[in-house]
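Okay, protein.cif now, which holds mmCIF, C-alpha atoms:
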```cif
data_model
loop_
_atom_site.label_atom_id
_atom_site.label_comp_id
_atom_site.auth_asym_id
_atom_site.auth_seq_id
_atom_site.Cartn_x
_atom_site.Cartn_y
_atom_site.Cartn_z
CA MET A 1 194.49 22.89 -3.36
CA LYS A 2 197.21 22.63 -5.97
CA VAL A 3 196.71 19.86 -8.48
CA GLY A 4 199.71 18.30 -10.18
CA ILE A 5 199.68 16.02 -13.18
CA ILE A 6 202.45 13.45 -13.51
CA GLY A 7 202.70 12.58 -17.19
CA GLY A 8 200.98 15.86 -17.90
CA THR A 9 202.22 16.07 -21.48
CA GLY A 10 200.42 12.95 -22.66
CA PHE A 11 197.12 12.75 -24.45
CA ILE A 12 194.99 12.57 -21.31
CA GLY A 13 197.34 14.68 -19.20
CA THR A 14 197.10 17.75 -21.43
CA GLY A 15 193.34 17.38 -21.60
CA MET A 16 193.11 17.19 -17.82
CA ALA A 17 195.36 20.26 -17.54
CA LEU A 18 193.10 22.17 -19.95
CA ARG A 19 189.97 21.24 -18.04
CA LEU A 20 191.23 21.40 -14.45
CA SER A 21 193.18 24.67 -14.75
CA GLN A 22 189.94 26.58 -15.22
CA ASN A 23 188.97 25.98 -11.60
CA HIS A 24 192.20 24.93 -9.90
CA GLU A 25 195.87 25.83 -9.71
CA VAL A 26 197.43 23.15 -11.89
CA ILE A 27 201.02 22.12 -12.53
CA MET A 28 201.66 19.80 -15.43
CA GLY A 29 204.79 17.72 -15.23
CA SER A 30 207.01 15.60 -17.42
CA ARG A 31 210.27 13.78 -16.95
CA LYS A 32 211.92 16.66 -18.83
CA LYS A 33 211.14 20.21 -17.87
CA GLU A 34 211.40 21.41 -21.49
CA LYS A 35 208.73 18.97 -22.64
CA ALA A 36 206.40 20.11 -19.89
CA THR A 37 207.00 23.75 -20.83
CA VAL A 38 206.13 23.14 -24.49
CA SER A 39 202.90 21.32 -23.59
CA CYS A 40 202.02 23.94 -21.00
CA ASP A 41 202.54 26.77 -23.50
CA ALA A 42 200.27 24.99 -26.00
CA CYS A 43 197.56 24.54 -23.35
CA CYS A 44 197.83 28.17 -22.27
CA LEU A 45 197.48 29.31 -25.88
CA THR A 46 194.38 27.14 -26.35
CA LEU A 47 192.75 28.51 -23.22
CA LYS A 48 193.63 32.12 -24.13
CA GLU A 49 192.11 31.67 -27.57
CA LEU A 50 188.97 30.32 -25.95
CA ASP A 51 189.03 33.32 -23.60
CA ILE A 52 188.88 31.00 -20.58
CA PRO A 53 190.61 32.16 -17.36
CA PHE A 54 193.10 29.58 -16.08
CA ASN A 55 195.96 28.93 -13.70
CA LEU A 56 198.50 26.60 -15.28
CA THR A 57 202.24 26.18 -14.93
CA SER A 58 204.74 23.40 -15.68
CA SER A 59 207.58 21.60 -13.98
CA THR A 60 209.38 18.27 -13.85
CA ASN A 61 207.42 15.36 -12.42
CA GLN A 62 209.42 15.81 -9.19
CA GLY A 63 208.60 19.52 -9.18
CA VAL A 64 204.93 18.57 -9.51
CA VAL A 65 205.15 16.33 -6.46
CA ASP A 66 207.00 18.98 -4.44
CA ASP A 67 204.46 21.72 -5.14
CA SER A 68 201.09 19.90 -5.30
CA ASP A 69 198.58 18.60 -2.76
CA ILE A 70 196.78 16.29 -5.16
CA ILE A 71 198.93 14.38 -7.62
CA ILE A 72 197.31 12.72 -10.62
CA PHE A 73 199.23 9.84 -12.15
CA SER A 74 198.32 10.18 -15.82
CA ILE A 75 200.73 7.56 -17.08
CA PRO A 76 200.42 4.16 -18.78
CA ALA A 77 200.17 1.36 -16.21
CA GLU A 78 203.41 -0.17 -17.48
CA MET A 79 205.28 3.03 -16.53
CA LEU A 80 204.09 2.92 -12.93
CA SER A 81 207.08 1.32 -11.21
CA VAL A 82 209.77 3.33 -12.97
CA THR A 83 207.84 6.55 -12.42
CA VAL A 84 207.25 5.98 -8.71
CA ASP A 85 210.88 4.93 -8.23
CA SER A 86 212.00 8.22 -9.78
CA LEU A 87 210.03 10.36 -7.31
CA THR A 88 210.32 11.29 -3.63
CA GLY A 89 208.08 13.14 -1.21
CA LEU A 90 204.72 11.58 -2.07
CA GLU A 91 204.06 10.81 1.59
CA GLY A 92 200.96 12.47 3.00
CA LYS A 93 199.67 13.51 -0.40
CA ILE A 94 196.55 12.48 -2.26
CA VAL A 95 197.54 10.41 -5.27
CA VAL A 96 194.99 9.81 -8.02
CA SER A 97 195.23 6.74 -10.23
CA LEU A 98 193.45 6.62 -13.56
CA MET A 99 195.51 3.72 -14.88
CA ASN A 100 193.83 0.76 -16.58
CA PRO A 101 196.28 -2.07 -17.22
CA MET A 102 195.20 -4.05 -20.27
CA GLU A 103 196.39 -6.42 -22.94
CA ARG A 104 195.53 -6.33 -26.59
CA GLY A 105 194.53 -9.38 -28.58
CA ASP A 106 191.43 -10.01 -30.68
CA TYR A 107 189.90 -7.84 -28.03
CA PHE A 108 191.17 -5.85 -25.06
CA ARG A 109 191.48 -7.69 -21.75
CA TYR A 110 191.97 -6.30 -18.31
CA ALA A 111 195.41 -7.34 -17.07
CA PRO A 112 195.57 -6.46 -13.38
CA PRO A 113 198.74 -6.72 -11.29
CA GLU A 114 198.90 -9.23 -8.47
CA GLU A 115 197.82 -6.55 -6.00
CA GLY A 116 194.37 -6.63 -7.62
CA SER A 117 194.34 -3.34 -9.51
CA ALA A 118 196.77 -0.67 -10.66
CA ALA A 119 195.44 1.63 -7.94
CA GLN A 120 196.06 -1.02 -5.28
CA GLN A 121 199.54 -1.58 -6.68
CA LEU A 122 200.22 2.14 -6.39
CA GLN A 123 198.90 2.18 -2.81
CA LYS A 124 201.23 -0.69 -1.92
CA MET A 125 204.18 1.22 -3.40
CA LEU A 126 203.13 4.37 -1.54
CA PRO A 127 201.87 3.16 1.86
CA ASP A 128 202.03 6.68 3.34
CA SER A 129 200.04 8.33 0.55
CA THR A 130 196.28 8.39 0.11
CA VAL A 131 195.61 6.65 -3.20
CA VAL A 132 192.23 7.24 -4.82
CA SER A 133 191.17 5.89 -8.22
CA ALA A 134 189.09 8.09 -10.52
CA PHE A 135 188.64 9.18 -14.14
CA ASN A 136 189.27 5.60 -15.35
CA ASN A 137 186.42 5.27 -17.83
CA ILE A 138 186.36 8.62 -19.61
CA PRO A 139 186.99 8.26 -23.35
CA ALA A 140 190.65 9.31 -23.68
CA LYS A 141 190.22 11.27 -26.90
CA LEU A 142 187.58 13.57 -25.45
CA TRP A 143 189.73 15.04 -22.70
CA ASN A 144 191.47 17.64 -24.87
CA GLN A 145 188.58 18.37 -27.23
CA MET A 146 187.40 21.44 -25.41
CA SER A 147 184.22 21.67 -27.47
CA LYS A 148 183.08 18.31 -26.08
CA ILE A 149 181.08 18.20 -22.90
CA LEU A 150 182.15 15.33 -20.63
CA ASP A 151 178.78 14.05 -19.49
CA TYR A 152 179.65 10.85 -17.66
CA THR A 153 179.63 9.36 -14.21
CA VAL A 154 183.04 8.76 -12.63
CA CYS A 155 183.53 5.95 -10.14
CA VAL A 156 185.80 7.06 -7.31
CA CYS A 157 187.36 4.37 -5.09
CA GLY A 158 189.46 4.85 -1.99
CA ASP A 159 189.99 3.72 1.56
CA ASP A 160 190.35 7.22 3.05
CA LYS A 161 187.03 9.01 3.38
CA ASP A 162 188.42 12.54 3.31
CA GLY A 163 190.76 11.85 0.41
CA LYS A 164 187.93 10.30 -1.57
CA GLN A 165 185.70 13.31 -0.88
CA ILE A 166 188.36 15.73 -2.12
CA VAL A 167 188.81 13.75 -5.34
CA MET A 168 185.03 13.55 -5.83
CA GLU A 169 184.87 17.34 -5.62
CA LEU A 170 187.71 17.54 -8.14
CA VAL A 171 185.73 15.28 -10.49
CA ASN A 172 182.57 17.35 -10.11
CA SER A 173 184.45 20.54 -11.00
CA ILE A 174 185.09 19.28 -14.55
CA SER A 175 182.55 19.78 -17.32
CA GLU A 176 179.42 17.71 -16.57
CA LEU A 177 181.26 14.87 -14.85
CA LYS A 178 179.42 13.39 -11.89
CA ALA A 179 181.43 11.61 -9.20
CA LEU A 180 180.07 8.44 -7.64
CA ASP A 181 181.47 6.88 -4.49
CA ALA A 182 182.14 3.32 -5.67
CA GLY A 183 183.54 2.11 -2.36
CA PRO A 184 186.98 1.10 -1.12
CA LEU A 185 190.12 0.93 -3.25
CA ALA A 186 189.61 -2.81 -3.75
CA VAL A 187 186.64 -2.00 -6.00
CA SER A 188 188.97 -0.19 -8.40
CA ALA A 189 189.71 -3.50 -10.15
CA THR A 190 186.14 -3.62 -11.44
CA VAL A 191 186.27 0.02 -12.48
CA GLU A 192 189.61 -0.37 -14.27
CA ALA A 193 188.25 -3.45 -16.07
CA ILE A 194 185.43 -1.38 -17.55
CA THR A 195 187.88 0.54 -19.75
CA PRO A 196 188.87 -2.41 -21.98
CA LEU A 197 185.15 -3.28 -22.06
CA LEU A 198 184.38 0.21 -23.38
CA ILE A 199 187.06 -0.10 -26.05
CA ASN A 200 185.66 -3.49 -27.09
CA ILE A 201 182.12 -2.13 -27.23
CA ALA A 202 183.29 0.73 -29.43
CA LYS A 203 185.07 -1.68 -31.75
CA PHE A 204 182.36 -4.36 -31.99
CA ASN A 205 179.47 -1.91 -32.36
CA LYS A 206 181.15 0.66 -34.59
CA MET A 207 180.82 3.34 -31.96
CA ARG A 208 183.27 6.08 -30.98
CA ASP A 209 184.52 7.36 -27.66
CA VAL A 210 182.28 5.17 -25.54
CA GLY A 211 181.92 6.20 -21.92
CA VAL A 212 179.69 5.11 -19.11
CA TYR A 213 176.78 6.60 -17.28
CA PHE A 214 175.50 4.84 -14.17
CA ARG A 215 171.98 6.04 -13.46
CA MET B 1 161.41 -18.59 -31.54
CA LYS B 2 160.05 -19.88 -28.27
CA VAL B 3 161.65 -18.36 -25.21
CA GLY B 4 161.76 -20.33 -21.96
CA ILE B 5 162.63 -19.00 -18.55
CA ILE B 6 164.22 -21.37 -16.03
CA GLY B 7 163.49 -20.00 -12.59
CA GLY B 8 160.65 -18.08 -14.12
CA THR B 9 158.79 -17.59 -10.87
CA GLY B 10 161.51 -15.52 -9.25
CA PHE B 11 161.67 -11.77 -9.01
CA ILE B 12 163.51 -11.24 -12.28
CA GLY B 13 161.96 -14.26 -13.99
CA THR B 14 158.38 -13.02 -13.67
CA GLY B 15 159.45 -9.57 -14.84
CA MET B 16 161.13 -11.06 -17.90
CA ALA B 17 158.02 -13.14 -18.60
CA LEU B 18 155.84 -10.03 -18.39
CA ARG B 19 158.09 -8.08 -20.74
CA LEU B 20 159.06 -10.79 -23.22
CA SER B 21 155.61 -12.36 -23.67
CA GLN B 22 154.40 -9.21 -25.39
CA ASN B 23 156.55 -9.96 -28.43
CA HIS B 24 157.48 -13.62 -28.06
CA GLU B 25 156.00 -16.98 -27.20
CA VAL B 26 157.22 -17.46 -23.64
CA ILE B 27 157.14 -20.41 -21.24
CA MET B 28 157.93 -19.73 -17.64
CA GLY B 29 159.23 -22.65 -15.64
CA SER B 30 159.81 -23.71 -12.08
CA ARG B 31 160.93 -26.86 -10.36
CA LYS B 32 157.28 -27.45 -9.48
CA LYS B 33 154.62 -27.12 -12.14
CA GLU B 34 152.08 -25.73 -9.66
CA LYS B 35 154.38 -22.88 -8.68
CA ALA B 36 154.93 -21.99 -12.32
CA THR B 37 151.16 -22.05 -12.94
CA VAL B 38 150.45 -19.66 -10.07
CA SER B 39 153.12 -17.19 -11.24
CA CYS B 40 151.97 -17.51 -14.84
CA ASP B 41 148.34 -16.82 -13.87
CA ALA B 42 149.43 -13.72 -11.98
CA CYS B 43 151.44 -12.46 -14.96
CA CYS B 44 148.55 -13.14 -17.35
CA LEU B 45 146.20 -11.19 -15.08
CA THR B 46 148.60 -8.25 -14.94
CA LEU B 47 148.94 -8.16 -18.71
CA LYS B 48 145.17 -8.49 -19.25
CA GLU B 49 144.55 -5.61 -16.85
CA LEU B 50 147.05 -3.53 -18.80
CA ASP B 51 145.26 -4.57 -21.99
CA ILE B 52 148.55 -5.83 -23.46
CA PRO B 53 148.41 -8.79 -25.88
CA PHE B 54 150.70 -11.62 -24.80
CA ASN B 55 151.62 -15.24 -25.30
CA LEU B 56 152.58 -16.85 -22.01
CA THR B 57 152.33 -20.38 -20.63
CA SER B 58 153.97 -22.31 -17.82
CA SER B 59 155.67 -25.65 -17.28
CA THR B 60 158.30 -27.36 -15.20
CA ASN B 61 161.90 -26.28 -15.81
CA GLN B 62 162.33 -29.49 -17.84
CA GLY B 63 159.19 -28.70 -19.82
CA VAL B 64 160.68 -25.28 -20.58
CA VAL B 65 163.84 -26.89 -21.95
CA ASP B 66 161.86 -29.38 -24.03
CA ASP B 67 159.67 -26.75 -25.68
CA SER B 68 161.94 -23.69 -26.06
CA ASP B 69 164.62 -22.61 -28.50
CA ILE B 70 166.12 -19.95 -26.26
CA ILE B 71 166.42 -20.82 -22.59
CA ILE B 72 167.08 -18.08 -20.07
CA PHE B 73 168.66 -19.14 -16.80
CA SER B 74 167.10 -16.70 -14.36
CA ILE B 75 168.45 -18.34 -11.23
CA PRO B 76 170.89 -17.37 -8.49
CA ALA B 77 174.45 -18.32 -9.41
CA GLU B 78 174.66 -20.69 -6.43
CA MET B 79 171.78 -22.73 -7.89
CA LEU B 80 173.53 -23.27 -11.21
CA SER B 81 175.02 -26.73 -10.72
CA VAL B 82 171.98 -28.31 -9.12
CA THR B 83 169.70 -26.80 -11.76
CA VAL B 84 171.79 -27.92 -14.74
CA ASP B 85 172.15 -31.39 -13.25
CA SER B 86 168.37 -31.67 -13.01
CA LEU B 87 167.83 -30.97 -16.72
CA THR B 88 168.37 -32.84 -19.98
CA GLY B 89 168.13 -31.88 -23.63
CA LEU B 90 169.89 -28.50 -23.54
CA GLU B 91 172.15 -29.57 -26.44
CA GLY B 92 171.86 -27.38 -29.51
CA LYS B 93 169.87 -24.70 -27.73
CA ILE B 94 170.71 -21.10 -27.00
CA VAL B 95 171.18 -20.69 -23.27
CA VAL B 96 171.19 -17.18 -21.80
CA SER B 97 173.03 -16.48 -18.54
CA LEU B 98 172.20 -13.41 -16.52
CA MET B 99 173.85 -14.69 -13.35
CA ASN B 100 176.18 -12.50 -11.33
CA PRO B 101 177.96 -14.45 -8.59
CA MET B 102 178.76 -12.17 -5.68
CA GLU B 103 179.58 -12.08 -2.00
CA ARG B 104 178.25 -9.68 0.55
CA GLY B 105 180.39 -7.98 3.15
CA ASP B 106 180.83 -4.27 3.90
CA TYR B 107 180.22 -4.02 0.19
CA PHE B 108 179.35 -6.45 -2.58
CA ARG B 109 182.22 -8.22 -4.30
CA TYR B 110 182.22 -10.17 -7.53
CA ALA B 111 182.92 -13.82 -6.73
CA PRO B 112 183.55 -15.58 -10.02
CA PRO B 113 183.93 -19.34 -10.33
CA GLU B 114 187.26 -20.79 -11.44
CA GLU B 115 186.04 -20.87 -15.05
CA GLY B 116 186.22 -17.07 -15.06
CA SER B 117 182.52 -16.15 -15.01
CA ALA B 118 179.17 -17.78 -14.33
CA ALA B 119 178.46 -17.77 -18.05
CA GLN B 120 181.74 -19.54 -18.78
CA GLN B 121 180.97 -22.04 -16.04
CA LEU B 122 177.60 -22.71 -17.66
CA GLN B 123 179.24 -23.11 -21.07
CA LYS B 124 181.67 -25.65 -19.59
CA MET B 125 178.77 -27.60 -18.10
CA LEU B 126 176.90 -27.44 -21.42
CA PRO B 127 179.57 -27.84 -24.10
CA ASP B 128 176.98 -28.59 -26.79
CA SER B 129 174.81 -25.55 -26.06
CA THR B 130 175.37 -21.98 -27.20
CA VAL B 131 175.78 -19.95 -24.03
CA VAL B 132 175.32 -16.18 -24.31
CA SER B 133 175.42 -13.74 -21.39
CA ALA B 134 172.98 -10.83 -21.33
CA PHE B 135 170.68 -8.80 -19.06
CA ASN B 136 173.28 -8.87 -16.25
CA ASN B 137 173.22 -5.23 -15.22
CA ILE B 138 169.53 -4.34 -15.29
CA PRO B 139 168.25 -3.24 -11.88
CA ALA B 140 166.39 -6.35 -10.65
CA LYS B 141 163.48 -4.52 -9.08
CA LEU B 142 162.55 -2.76 -12.31
CA TRP B 143 161.84 -5.88 -14.34
CA ASN B 144 158.32 -6.44 -13.06
CA GLN B 145 157.35 -2.79 -12.62
CA MET B 146 155.56 -2.50 -15.91
CA SER B 147 155.20 1.27 -15.59
CA LYS B 148 158.99 1.61 -15.65
CA ILE B 149 160.77 2.00 -18.96
CA LEU B 150 164.00 0.00 -19.10
CA ASP B 151 166.30 2.49 -20.77
CA TYR B 152 169.70 0.85 -20.48
CA THR B 153 172.39 -0.69 -22.61
CA VAL B 154 172.83 -4.46 -22.29
CA CYS B 155 176.22 -6.05 -22.86
CA VAL B 156 175.86 -9.32 -24.75
CA CYS B 157 178.80 -11.75 -24.72
CA GLY B 158 179.15 -15.00 -26.62
CA ASP B 159 181.46 -17.07 -28.77
CA ASP B 160 178.82 -18.00 -31.38
CA LYS B 161 178.05 -15.13 -33.74
CA ASP B 162 174.56 -16.30 -34.69
CA GLY B 163 173.54 -17.11 -31.14
CA LYS B 164 174.75 -13.73 -29.96
CA GLN B 165 172.82 -12.00 -32.74
CA ILE B 166 169.59 -13.79 -31.76
CA VAL B 167 170.01 -12.79 -28.13
CA MET B 168 170.79 -9.19 -29.11
CA GLU B 169 167.50 -9.08 -31.03
CA LEU B 170 165.74 -10.49 -27.98
CA VAL B 171 167.26 -7.71 -25.85
CA ASN B 172 166.23 -5.03 -28.33
CA SER B 173 162.62 -6.28 -28.28
CA ILE B 174 162.22 -5.29 -24.61
CA SER B 175 161.24 -1.75 -23.59
CA GLU B 176 164.03 0.67 -24.51
CA LEU B 177 166.88 -1.77 -23.91
CA LYS B 178 169.75 -1.47 -26.36
CA ALA B 179 171.95 -4.50 -26.96
CA LEU B 180 175.70 -4.02 -27.34
CA ASP B 181 178.04 -6.70 -28.62
CA ALA B 182 180.62 -6.83 -25.83
CA GLY B 183 182.71 -9.57 -27.42
CA PRO B 184 183.37 -13.23 -26.62
CA LEU B 185 182.03 -15.09 -23.59
CA ALA B 186 185.30 -14.47 -21.74
CA VAL B 187 184.32 -10.79 -21.45
CA SER B 188 181.27 -11.79 -19.41
CA ALA B 189 183.39 -11.72 -16.23
CA THR B 190 183.74 -7.96 -16.53
CA VAL B 191 180.03 -7.55 -17.26
CA GLU B 192 178.99 -9.76 -14.34
CA ALA B 193 181.32 -7.79 -12.05
CA ILE B 194 179.49 -4.58 -12.89
CA THR B 195 176.39 -5.76 -11.00
CA PRO B 196 177.95 -5.71 -7.50
CA LEU B 197 179.49 -2.36 -8.50
CA LEU B 198 176.00 -1.02 -9.29
CA ILE B 199 174.67 -2.24 -5.96
CA ASN B 200 177.60 -0.58 -4.16
CA ILE B 201 177.07 2.68 -6.03
CA ALA B 202 173.39 2.66 -5.07
CA LYS B 203 174.28 2.06 -1.44
CA PHE B 204 177.16 4.54 -1.13
CA ASN B 205 175.43 7.33 -3.06
CA LYS B 206 171.89 6.85 -1.74
CA MET B 207 170.59 6.02 -5.18
CA ARG B 208 168.01 3.46 -6.23
CA ASP B 209 167.89 0.88 -8.97
CA VAL B 210 171.15 1.90 -10.58
CA GLY B 211 171.73 0.62 -14.11
CA VAL B 212 174.28 1.37 -16.76
CA TYR B 213 174.27 3.19 -20.05
CA PHE B 214 177.32 2.93 -22.25
CA ARG B 215 177.29 5.80 -24.73
#
```

Structure translated into structure tokens:
Amino acid sequence: MKVGIIGGTGFIGTGMALRLSQNHEVIMGSRKKEKATVSCDACCLTLKELDIPFNLTSSTNQGVVDDSDIIIFSIPAEMLSVTVDSLTGLEGKIVVSLMNPMERGDYFRYAPPEEGSAAQQLQKMLPDSTVVSAFNNIPAKLWNQMSKILDYTVCVCGDDKDGKQIVMELVNSISELKALDAGPLAVSATVEAITPLLINIAKFNKMRDVGVYFR
Amino acid sequence: MKVGIIGGTGFIGTGMALRLSQNHEVIMGSRKKEKATVSCDACCLTLKELDIPFNLTSSTNQGVVDDSDIIIFSIPAEMLSVTVDSLTGLEGKIVVSLMNPMERGDYFRYAPPEEGSAAQQLQKMLPDSTVVSAFNNIPAKLWNQMSKILDYTVCVCGDDKDGKQIVMELVNSISELKALDAGPLAVSATVEAITPLLINIAKFNKMRDVGVYFR
């Protein structure tokens, strides 16, 4: 299956492209084709230097939707509405949400939309797509550090059994990530809320890049 | 400091008594003194058979409050109001909440009170006590299996710096538990919500006694 990354030129998006393109056909997208091309070229160079085989191309975000079976929304939660409104043809596709809406104060707080979670909001906007939440709690800075092993569990939430299974396999194909079925999409609120908790833990305990392992 | 356990004869309460009384003076309480005595005798026997030194006595829940500096509420969330109403003299004491209010359906859902979390509800009921949340996400069945090492991180939330520090030291005195400062008491909602998530993960992935390690 072709995997597309909306917002593929961001911090997490490029890291996902680097990691996923080793085992999957990946298209990284951006609003502007030129930006996607520059990021894609940089990723390709990194992978060539590491002598890792890969399959990675770039396109606009719309091009990503048109050509992919699984579409990962690697965008800030506040960009969700404008991004979805700019795209067509998401019907029937698997859409992966890794968004964690949060507010910053003395500490980070989970700030869910009225739908319950960002993933549920996305599902409401895309009633004919299969939305699955995953990858929420992986320390953002580790994605594109190729020397770092990602040894974490990943909660996967979704209402469609087959879609969830496909995303769990995608998770398990990356580094040492281990997918866990965390239940229906409604559970994604709890999973999204763990990300500000991780950031707070890092801050209050002078730790770095805190992730989670359920065991 | 003397550590008292309200609801000390329950599943988790007896396990905490077994583990804490190795390094602390512990009083386990129950509504009825006789019930506390029976549980205490059983714990003492277990510890003697394991040849572990300990300091453990029993009392009524009120006796626990009267004689302890740190009071652990090891009760189901739905018993909170009736239990607090039955007690006096909690002012000025450190009160530890490990309650996780949840509902059961196809899967477990976090069901917080209107105050935000069970710990915040307890703090509202006891404005002159120092409420700290801890121990929320430890697999319940492991507490009283003395052969099992508890190798998990424990999120500790509280608004009083000194109280939180004391509870973190209490956490770190048990098995291989590692206390993490997770921020103010308001964060306890996220930590409490992790417990139904853990139960769901165990169920959906055919795992047992799932706990969490933030790293």

Proximal residues of chain B relative to chain A (only C-alpha atoms; 6 Å) as a PyMOL selection string: chain B and resi 181-182+201+204+210-215

Residues within 9 Å of B:Val167, all atoms listed in the file, excluding chain neighbours under 3 positions, as a list in words: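 Listed by chain and then number, they are Ile70, Ile94, Val96, Val132, Ser133, Ala134, Val156, Asp162, Gly163, Lys164, Leu170, Val171, Asn172 and Ala179 of chain B.
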
Residues within 7 Å of stretch 5-15 of chain B, all atoms listed in the file, excluding chain neighbours under 4 positions, as a ChimeraX atom specification: /B:19,27-30,36,39,61,64,71-75,140,143-144

Sphere at (206.5, 17.7, -3.2), radius 9 Å, counting all atoms listed in the file: residues as a VMD selection string: chain A and resid 62 to 69 88 to 91 93

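Between atom CA of B:Glu176 and atom CA of B:Lys148 the separation is 10.2 Å.
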
Go ahead and fit an axis-aligned box to every listed atom of stretch 113-123 of chain B plus 5 Å each side, and pass me the centre and edge lengths in Å, one decimal, as JSON.
```
{"center_x": 182.4, "center_y": -19.6, "center_z": -15.7, "size_x": 19.7, "size_y": 17.0, "size_z": 20.7}
```

Nearest candidate to B:Thr46 (options B:Leu18, B:Met168, B:Leu80, B:Met1; using only C-alpha atoms):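 Going through B:Leu18, B:Met168, B:Leu80, B:Met1 one by one, the smallest distance to B:Thr46 is for B:Leu18.
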
Hits of the PyMOL selection byres ((chain B and resi 24) around 10) in this structure, as a VMD selection string: chain B and resid 1 to 3 17 19 to 23 25 to 27 54 to 56 170 173

Any chance you can output those residues with C-alpha atoms as an mmCIF file, keeping the file's coordinate frame?
```
data_model
loop_
_atom_site.group_PDB
_atom_site.id
_atom_site.type_symbol
_atom_site.label_atom_id
_atom_site.label_comp_id
_atom_site.auth_asym_id
_atom_site.auth_seq_id
_atom_site.Cartn_x
_atom_site.Cartn_y
_atom_site.Cartn_z
ATOM 1 C CA MET B 1 161.410 -18.590 -31.540
ATOM 2 C CA LYS B 2 160.050 -19.880 -28.270
ATOM 3 C CA VAL B 3 161.650 -18.360 -25.210
ATOM 4 C CA ALA B 17 158.020 -13.140 -18.600
ATOM 5 C CA ARG B 19 158.090 -8.080 -20.740
ATOM 6 C CA LEU B 20 159.060 -10.790 -23.220
ATOM 7 C CA SER B 21 155.610 -12.360 -23.670
ATOM 8 C CA GLN B 22 154.400 -9.210 -25.390
ATOM 9 C CA ASN B 23 156.550 -9.960 -28.430
ATOM 10 C CA GLU B 25 156.000 -16.980 -27.200
ATOM 11 C CA VAL B 26 157.220 -17.460 -23.640
ATOM 12 C CA ILE B 27 157.140 -20.410 -21.240
ATOM 13 C CA PHE B 54 150.700 -11.620 -24.800
ATOM 14 C CA ASN B 55 151.620 -15.240 -25.300
ATOM 15 C CA LEU B 56 152.580 -16.850 -22.010
ATOM 16 C CA LEU B 170 165.740 -10.490 -27.980
ATOM 17 C CA SER B 173 162.620 -6.280 -28.280
#
```

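Against this structure, the PyMOL selection byres ((chain B and resi 118) around 10) ends up with Ala77, Glu78, Leu80, Ser97, Leu98, Met99, Asn100, Pro101, Ala111, Pro112, Pro113, Glu114, Glu115, Gly116, Ser117, Ala119, Gln120, Gln121, Leu122, Gln123, Lys124, Ser133, Ser188, Ala189 and Glu192 of chain B.
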
Atomic distance atom CA of B:Thr60 - atom CA of B:Leu150, expressed in Å with one decimal: 28.2 Å

Which of B:Asp159, B:Asp128, B:Glu169, B:Glu34 sits closest to B:Leu185 [using all atoms listed in the file]: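 Under the stated criterion, the closest residue is B:Asp159.
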
Coordinates-based distance that separates atom CA of B:Asn137 from atom CA of A:Asp160 (Å, one decimal):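 According to the coordinates, atom CA of A:Asp160 and atom CA of B:Asn137 are separated by 28.0 Å.
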
Start from the incomplete input, build N, CA and C atoms for stretch 21-31 of chain A, and deliver everything as a compact mmCIF listing (two decimals), in the coordinates of the input.
```txt
# COMPACT_ATOMS: atom_id res chain seq x y z
N SER A 21 192.55 23.37 -15.04
CA SER A 21 193.18 24.67 -14.75
C SER A 21 192.18 25.82 -14.80
N GLN A 22 190.97 25.54 -15.23
CA GLN A 22 189.94 26.58 -15.22
C GLN A 22 189.44 26.85 -13.81
N ASN A 23 189.51 25.84 -12.96
CA ASN A 23 188.97 25.98 -11.60
C ASN A 23 189.98 25.69 -10.50
N HIS A 24 191.19 25.30 -10.90
CA HIS A 24 192.20 24.93 -9.90
C HIS A 24 193.58 25.44 -10.35
N GLU A 25 194.47 25.52 -9.40
CA GLU A 25 195.87 25.83 -9.71
C GLU A 25 196.52 24.52 -10.12
N VAL A 26 196.95 24.42 -11.35
CA VAL A 26 197.43 23.15 -11.89
C VAL A 26 198.89 23.26 -12.34
N ILE A 27 199.65 22.23 -12.03
CA ILE A 27 201.02 22.12 -12.53
C ILE A 27 201.12 20.85 -13.36
N MET A 28 201.49 21.01 -14.61
CA MET A 28 201.66 19.80 -15.43
C MET A 28 203.13 19.44 -15.50
N GLY A 29 203.40 18.15 -15.30
CA GLY A 29 204.79 17.72 -15.23
C GLY A 29 205.17 16.73 -16.31
N SER A 30 206.47 16.61 -16.51
CA SER A 30 207.01 15.60 -17.42
C SER A 30 208.37 15.22 -16.88
N ARG A 31 208.93 14.14 -17.41
CA ARG A 31 210.27 13.78 -16.95
C ARG A 31 211.25 14.92 -17.27
```
